[in-house]
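Containing CSV, C-alpha atoms: work-v3.csv.
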```csv
chain,number,residue,atom,x,y,z
A,13,MET,CA,-1.5,-12.0,-15.8
A,14,LEU,CA,-4.7,-10.0,-15.6
A,15,ALA,CA,-6.8,-13.2,-15.9
A,16,PHE,CA,-4.8,-14.8,-13.1
A,17,VAL,CA,-5.3,-11.8,-10.9
A,18,GLY,CA,-9.0,-11.6,-11.7
A,19,CYS,CA,-9.5,-15.2,-10.8
A,20,SER,CA,-7.3,-15.0,-7.6
A,21,LEU,CA,-8.7,-11.9,-6.0
A,22,SER,CA,-12.0,-12.1,-4.2
A,23,ALA,CA,-14.8,-9.9,-5.4
A,24,PRO,CA,-14.2,-7.3,-2.6
A,25,GLN,CA,-10.5,-7.3,-3.4
A,26,GLN,CA,-11.2,-6.8,-7.1
A,27,ALA,CA,-13.4,-3.8,-6.3
A,28,GLN,CA,-10.7,-2.4,-4.1
A,29,LEU,CA,-8.1,-2.8,-6.9
A,30,VAL,CA,-10.4,-0.9,-9.2
A,31,ASP,CA,-10.6,1.9,-6.5
A,32,PHE,CA,-6.7,1.8,-6.3
A,33,GLU,CA,-6.4,2.1,-10.1
A,34,GLY,CA,-8.9,5.0,-10.1
A,35,CYS,CA,-6.9,7.0,-7.6
A,36,ALA,CA,-3.3,6.1,-8.3
A,37,ASP,CA,-1.2,8.3,-10.5
A,38,LYS,CA,-0.5,6.0,-13.4
A,39,SER,CA,2.0,8.3,-15.0
A,40,HIS,CA,4.6,7.6,-12.3
A,41,VAL,CA,7.4,5.5,-13.7
A,42,ALA,CA,7.0,2.9,-10.9
A,43,TYR,CA,3.2,2.7,-11.0
A,44,GLN,CA,3.1,-0.8,-12.6
A,45,GLU,CA,5.6,-2.1,-10.0
A,46,MET,CA,3.5,-0.6,-7.1
A,47,ARG,CA,0.3,-2.1,-8.6
A,48,GLY,CA,2.0,-5.5,-8.5
A,49,HIS,CA,3.0,-5.0,-4.9
A,50,VAL,CA,-0.6,-4.1,-4.0
A,51,VAL,CA,-1.9,-7.2,-5.7
A,52,THR,CA,0.8,-9.4,-4.1
A,53,VAL,CA,0.1,-8.1,-0.6
A,54,MET,CA,-3.7,-8.5,-1.0
A,55,LEU,CA,-3.4,-12.0,-2.3
A,56,GLN,CA,-0.6,-13.4,-0.2
A,57,GLN,CA,-1.4,-11.7,3.1
A,58,GLY,CA,-5.2,-11.4,2.7
A,59,LEU,CA,-5.1,-7.7,3.6
A,60,ASP,CA,-7.7,-5.2,2.4
A,61,LEU,CA,-6.6,-2.2,0.3
A,62,ALA,CA,-6.5,0.2,3.3
A,63,GLU,CA,-4.1,-2.0,5.3
A,64,THR,CA,-2.0,-2.7,2.2
A,65,VAL,CA,-1.6,1.0,1.5
A,66,THR,CA,-0.7,1.6,5.2
A,67,GLY,CA,2.1,-1.0,5.1
A,68,LEU,CA,3.5,0.1,1.7
A,69,GLU,CA,3.5,3.7,2.8
A,70,VAL,CA,5.5,2.8,5.9
A,71,LEU,CA,7.9,0.9,3.8
A,72,GLU,CA,8.3,4.0,1.6
A,73,GLU,CA,9.5,5.8,4.7
A,74,ILE,CA,11.8,3.0,5.7
A,75,ARG,CA,13.3,2.8,2.3
A,76,SER,CA,13.8,6.6,2.1
A,77,GLY,CA,16.8,6.3,4.4
A,78,ARG,CA,15.2,8.3,7.3
A,79,ASP,CA,15.7,7.0,10.8
A,80,VAL,CA,12.3,5.4,11.3
A,81,ARG,CA,11.1,4.1,14.7
A,82,LEU,CA,7.8,2.3,14.9
A,83,SER,CA,5.8,1.2,17.9
A,84,SER,CA,6.1,-2.5,18.7
A,85,ALA,CA,2.6,-3.1,17.5
A,86,ASP,CA,3.3,-1.3,14.2
A,87,ALA,CA,6.6,-3.1,13.7
A,88,ASP,CA,4.7,-6.4,14.4
A,89,PHE,CA,2.1,-5.5,11.7
A,90,ILE,CA,4.9,-4.8,9.2
A,91,ASN,CA,6.8,-8.0,10.1
A,92,ARG,CA,3.7,-10.3,10.4
A,93,ASN,CA,2.6,-9.3,7.0
A,94,GLU,CA,6.0,-9.7,5.5
A,95,PHE,CA,6.1,-6.2,3.9
A,96,LEU,CA,9.9,-6.0,4.0
A,97,GLY,CA,10.2,-9.1,1.9
A,98,LEU,CA,7.5,-8.1,-0.6
A,99,TYR,CA,8.4,-4.5,-1.4
A,100,GLY,CA,11.9,-3.8,-2.6
A,101,GLY,CA,11.8,-1.2,-5.3
A,102,GLY,CA,10.3,1.8,-7.1
A,103,ALA,CA,10.2,4.7,-4.8
A,104,MET,CA,6.9,6.4,-5.2
A,105,GLY,CA,7.5,9.3,-2.8
A,106,ARG,CA,5.5,10.9,-0.1
A,107,THR,CA,3.5,13.1,-2.5
A,108,TRP,CA,2.3,10.1,-4.5
A,109,PHE,CA,1.1,8.3,-1.4
A,110,ALA,CA,-0.5,11.4,0.0
A,111,ALA,CA,-2.5,11.9,-3.2
A,112,LEU,CA,-3.5,8.2,-3.2
A,113,ARG,CA,-4.5,8.3,0.4
A,114,ARG,CA,-6.5,11.5,-0.1
A,115,CYS,CA,-8.4,10.2,-3.1
A,116,LEU,CA,-9.2,6.8,-1.5
A,117,GLU,CA,-10.5,8.5,1.6
A,118,GLU,CA,-12.5,11.3,-0.1
A,119,ARG,CA,-13.7,9.5,-3.2
A,120,HIS,CA,-14.3,6.0,-1.8
A,121,GLY,CA,-14.6,6.4,1.9
A,122,TYR,CA,-11.6,4.3,2.9
A,123,LYS,CA,-10.3,4.7,6.5
A,124,ILE,CA,-6.5,4.4,6.0
A,125,ARG,CA,-4.7,4.4,9.3
A,126,ARG,CA,-1.5,6.3,9.7
A,127,ILE,CA,1.3,4.5,11.5
A,128,GLU,CA,3.2,6.8,13.7
A,129,ILE,CA,6.8,7.2,12.5
A,130,ARG,CA,9.2,8.6,15.0
```
If you took the structure in this file and wrote it as C-alpha cells, what would it be?
Amino acid sequence: MLAFVGCSLSAPQQAQLVDFEGCADKSHVAYQEMRGHVVTVMLQQGLDLAETVTGLEVLEEIRSGRDVRLSSADADFINRNEFLGLYGGGAMGRTWFAALRRCLEERHGYKIRRIEIR
C-alpha cells in the first residue's frame, strides 16, 4: 500500500503527507483510518493538504450530530469534492483537529481556512 501511495502522490503531495504525519496524533484509535481518508481525498480530488483538512474537519462537525448550516459556497466545496462519500467513520474529535491545525499552521506555515458553521 505504501508503495502504491508513494507512486501515486505527486512530490508536493508526498511532502504534505509527511507534514500531516508529523503533526497528527498517531495514538488516536482512528488515526490510520483518517490517514487513509487524507490520502484518498488528495489523490481522488487533487486537493492539497490544507483544503483536505478543511473538508474533513467540516465533516467531523456534520457527523457529530450538530445542526450544521454552511454557506452555499462552502456546501458546494464539500459536495464538489465528494467529502460526504469519502469520509464515513472514525470520529477524531474537535480537539484532535484543533491540534492538527495548530501544528500545521505553526510548524509548517499552512494556511488552513475555516469554514463558517452556523
Which residues come within 9 Å of Phe32 of chain A, counting only C-alpha atoms, excluding same-chain residues fewer than 2 positions away, as a ChimeraX atom specification?
/A:27-30,34-36,47,50,61,112,116
Preceding selection exported with C-alpha atoms as a short mmCIF file (atom, residue, chain, number, x, y, z; two decimals), in the coordinates of the input:
```cif
data_model
loop_
_atom_site.label_atom_id
_atom_site.label_comp_id
_atom_site.auth_asym_id
_atom_site.auth_seq_id
_atom_site.Cartn_x
_atom_site.Cartn_y
_atom_site.Cartn_z
CA ALA A 27 -13.40 -3.80 -6.30
CA GLN A 28 -10.70 -2.40 -4.10
CA LEU A 29 -8.10 -2.80 -6.90
CA VAL A 30 -10.40 -0.90 -9.20
CA GLY A 34 -8.90 5.00 -10.10
CA CYS A 35 -6.90 7.00 -7.60
CA ALA A 36 -3.30 6.10 -8.30
CA ARG A 47 0.30 -2.10 -8.60
CA VAL A 50 -0.60 -4.10 -4.00
CA LEU A 61 -6.60 -2.20 0.30
CA LEU A 112 -3.50 8.20 -3.20
CA LEU A 116 -9.20 6.80 -1.50
#
```
Check the smallest atom-to-atom distance from each of A:Gly67, A:Gly58, A:Gly48, A:Pro24 to Arg125 of chain A using all atoms listed in the file, then report the winner.
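Among the listed residues, the smallest separation from Arg125 of chain A belongs to A:Gly67.
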Go through A:Leu82, A:Val65, A:Met104, A:Ala87 one by one, measure the shortest atom-to-atom distance of each to Gln44 of chain A using all atoms listed in the file, and give the residue with the smallest value.
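Using all atoms listed in the file, Gln44 of chain A sits closest to A:Met104.
For the pair atom CA of Tyr122 of chain A and atom CA of Thr66 of chain A, the interatomic distance is 11.5 Å.
Interatomic distance, atom CA of Lys123 of chain A against atom CA of Thr64 of chain A: 11.9 Å.
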Would you mind reading off the distance between atom CA of Leu96 of chain A and atom CA of Ile129 of chain A, one decimal, in Å?
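Taking atom CA of Leu96 of chain A and atom CA of Ile129 of chain A, their separation equals 16.0 Å.
The environment of Arg78 of chain A within 10 Å, counting only C-alpha atoms and disregarding residues fewer than 4 places along the same chain, consists of A:Glu72, A:Glu73, A:Ile74, A:Ile129, A:Arg130.
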Complete the atoms of segment 26-58 of chain A to N, CA and C atoms and put them out as a PDB file, keeping the file's coordinate frame.
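Once written, out-v8.pdb looks like this:
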```pdb
ATOM      1  N   GLN A  26     -11.192  -7.331  -5.772  1.00  0.00           N
ATOM      2  CA  GLN A  26     -11.200  -6.800  -7.100  1.00  0.00           C
ATOM      3  C   GLN A  26     -11.789  -5.400  -7.157  1.00  0.00           C
ATOM      4  N   ALA A  27     -12.847  -5.160  -6.378  1.00  0.00           N
ATOM      5  CA  ALA A  27     -13.400  -3.800  -6.300  1.00  0.00           C
ATOM      6  C   ALA A  27     -12.439  -2.833  -5.706  1.00  0.00           C
ATOM      7  N   GLN A  28     -11.682  -3.280  -4.691  1.00  0.00           N
ATOM      8  CA  GLN A  28     -10.700  -2.400  -4.100  1.00  0.00           C
ATOM      9  C   GLN A  28      -9.553  -2.101  -5.059  1.00  0.00           C
ATOM     10  N   LEU A  29      -9.167  -3.073  -5.870  1.00  0.00           N
ATOM     11  CA  LEU A  29      -8.100  -2.800  -6.900  1.00  0.00           C
ATOM     12  C   LEU A  29      -8.604  -1.811  -7.902  1.00  0.00           C
ATOM     13  N   VAL A  30      -9.859  -1.863  -8.269  1.00  0.00           N
ATOM     14  CA  VAL A  30     -10.400  -0.900  -9.200  1.00  0.00           C
ATOM     15  C   VAL A  30     -10.354   0.530  -8.534  1.00  0.00           C
ATOM     16  N   ASP A  31     -10.666   0.612  -7.233  1.00  0.00           N
ATOM     17  CA  ASP A  31     -10.600   1.900  -6.500  1.00  0.00           C
ATOM     18  C   ASP A  31      -9.116   2.385  -6.534  1.00  0.00           C
ATOM     19  N   PHE A  32      -8.162   1.490  -6.272  1.00  0.00           N
ATOM     20  CA  PHE A  32      -6.700   1.800  -6.300  1.00  0.00           C
ATOM     21  C   PHE A  32      -6.376   2.400  -7.675  1.00  0.00           C
ATOM     22  N   GLU A  33      -6.749   1.683  -8.715  1.00  0.00           N
ATOM     23  CA  GLU A  33      -6.400   2.100 -10.100  1.00  0.00           C
ATOM     24  C   GLU A  33      -7.037   3.439 -10.423  1.00  0.00           C
ATOM     25  N   GLY A  34      -8.219   3.708  -9.882  1.00  0.00           N
ATOM     26  CA  GLY A  34      -8.900   5.000 -10.100  1.00  0.00           C
ATOM     27  C   GLY A  34      -8.256   6.158  -9.432  1.00  0.00           C
ATOM     28  N   CYS A  35      -7.501   5.879  -8.374  1.00  0.00           N
ATOM     29  CA  CYS A  35      -6.900   7.000  -7.600  1.00  0.00           C
ATOM     30  C   CYS A  35      -5.394   7.091  -7.790  1.00  0.00           C
ATOM     31  N   ALA A  36      -4.728   6.040  -8.177  1.00  0.00           N
ATOM     32  CA  ALA A  36      -3.300   6.100  -8.300  1.00  0.00           C
ATOM     33  C   ALA A  36      -2.834   6.863  -9.517  1.00  0.00           C
ATOM     34  N   ASP A  37      -1.757   7.595  -9.365  1.00  0.00           N
ATOM     35  CA  ASP A  37      -1.200   8.300 -10.500  1.00  0.00           C
ATOM     36  C   ASP A  37      -0.434   7.335 -11.362  1.00  0.00           C
ATOM     37  N   LYS A  38      -1.064   6.985 -12.467  1.00  0.00           N
ATOM     38  CA  LYS A  38      -0.500   6.000 -13.400  1.00  0.00           C
ATOM     39  C   LYS A  38       0.651   6.488 -14.201  1.00  0.00           C
ATOM     40  N   SER A  39       0.875   7.790 -14.190  1.00  0.00           N
ATOM     41  CA  SER A  39       2.000   8.300 -15.000  1.00  0.00           C
ATOM     42  C   SER A  39       3.330   8.175 -14.272  1.00  0.00           C
ATOM     43  N   HIS A  40       3.308   7.808 -13.003  1.00  0.00           N
ATOM     44  CA  HIS A  40       4.600   7.600 -12.300  1.00  0.00           C
ATOM     45  C   HIS A  40       5.304   6.422 -12.870  1.00  0.00           C
ATOM     46  N   VAL A  41       6.602   6.562 -13.027  1.00  0.00           N
ATOM     47  CA  VAL A  41       7.400   5.500 -13.700  1.00  0.00           C
ATOM     48  C   VAL A  41       7.327   4.189 -12.966  1.00  0.00           C
ATOM     49  N   ALA A  42       7.082   4.170 -11.674  1.00  0.00           N
ATOM     50  CA  ALA A  42       7.000   2.900 -10.900  1.00  0.00           C
ATOM     51  C   ALA A  42       5.621   2.446 -10.619  1.00  0.00           C
ATOM     52  N   TYR A  43       4.620   3.026 -11.291  1.00  0.00           N
ATOM     53  CA  TYR A  43       3.200   2.700 -11.000  1.00  0.00           C
ATOM     54  C   TYR A  43       2.977   1.159 -11.185  1.00  0.00           C
ATOM     55  N   GLN A  44       3.404   0.586 -12.300  1.00  0.00           N
ATOM     56  CA  GLN A  44       3.100  -0.800 -12.600  1.00  0.00           C
ATOM     57  C   GLN A  44       3.750  -1.712 -11.479  1.00  0.00           C
ATOM     58  N   GLU A  45       4.941  -1.364 -11.047  1.00  0.00           N
ATOM     59  CA  GLU A  45       5.600  -2.100 -10.000  1.00  0.00           C
ATOM     60  C   GLU A  45       4.791  -2.021  -8.682  1.00  0.00           C
ATOM     61  N   MET A  46       4.331  -0.807  -8.345  1.00  0.00           N
ATOM     62  CA  MET A  46       3.500  -0.600  -7.100  1.00  0.00           C
ATOM     63  C   MET A  46       2.222  -1.373  -7.227  1.00  0.00           C
ATOM     64  N   ARG A  47       1.579  -1.346  -8.381  1.00  0.00           N
ATOM     65  CA  ARG A  47       0.300  -2.100  -8.600  1.00  0.00           C
ATOM     66  C   ARG A  47       0.575  -3.572  -8.301  1.00  0.00           C
ATOM     67  N   GLY A  48       1.691  -4.077  -8.791  1.00  0.00           N
ATOM     68  CA  GLY A  48       2.000  -5.500  -8.500  1.00  0.00           C
ATOM     69  C   GLY A  48       2.220  -5.754  -7.067  1.00  0.00           C
ATOM     70  N   HIS A  49       2.829  -4.822  -6.334  1.00  0.00           N
ATOM     71  CA  HIS A  49       3.000  -5.000  -4.900  1.00  0.00           C
ATOM     72  C   HIS A  49       1.650  -5.005  -4.177  1.00  0.00           C
ATOM     73  N   VAL A  50       0.752  -4.128  -4.603  1.00  0.00           N
ATOM     74  CA  VAL A  50      -0.600  -4.100  -4.000  1.00  0.00           C
ATOM     75  C   VAL A  50      -1.286  -5.414  -4.183  1.00  0.00           C
ATOM     76  N   VAL A  51      -1.275  -5.925  -5.401  1.00  0.00           N
ATOM     77  CA  VAL A  51      -1.900  -7.200  -5.700  1.00  0.00           C
ATOM     78  C   VAL A  51      -1.272  -8.331  -4.878  1.00  0.00           C
ATOM     79  N   THR A  52       0.045  -8.348  -4.845  1.00  0.00           N
ATOM     80  CA  THR A  52       0.800  -9.400  -4.100  1.00  0.00           C
ATOM     81  C   THR A  52       0.404  -9.395  -2.642  1.00  0.00           C
ATOM     82  N   VAL A  53       0.422  -8.235  -2.031  1.00  0.00           N
ATOM     83  CA  VAL A  53       0.100  -8.100  -0.600  1.00  0.00           C
ATOM     84  C   VAL A  53      -1.340  -8.587  -0.351  1.00  0.00           C
ATOM     85  N   MET A  54      -2.260  -8.109  -1.173  1.00  0.00           N
ATOM     86  CA  MET A  54      -3.700  -8.500  -1.000  1.00  0.00           C
ATOM     87  C   MET A  54      -3.865  -9.976  -1.132  1.00  0.00           C
ATOM     88  N   LEU A  55      -3.209 -10.575  -2.118  1.00  0.00           N
ATOM     89  CA  LEU A  55      -3.400 -12.000  -2.300  1.00  0.00           C
ATOM     90  C   LEU A  55      -2.638 -12.843  -1.284  1.00  0.00           C
ATOM     91  N   GLN A  56      -1.362 -12.550  -1.059  1.00  0.00           N
ATOM     92  CA  GLN A  56      -0.600 -13.400  -0.200  1.00  0.00           C
ATOM     93  C   GLN A  56      -0.881 -13.183   1.299  1.00  0.00           C
ATOM     94  N   GLN A  57      -1.167 -11.957   1.676  1.00  0.00           N
ATOM     95  CA  GLN A  57      -1.400 -11.700   3.100  1.00  0.00           C
ATOM     96  C   GLN A  57      -2.884 -11.559   3.430  1.00  0.00           C
ATOM     97  N   GLY A  58      -3.723 -11.489   2.421  1.00  0.00           N
ATOM     98  CA  GLY A  58      -5.200 -11.400   2.700  1.00  0.00           C
ATOM     99  C   GLY A  58      -5.597 -10.069   3.263  1.00  0.00           C
TER     100      GLY A  58
END
```
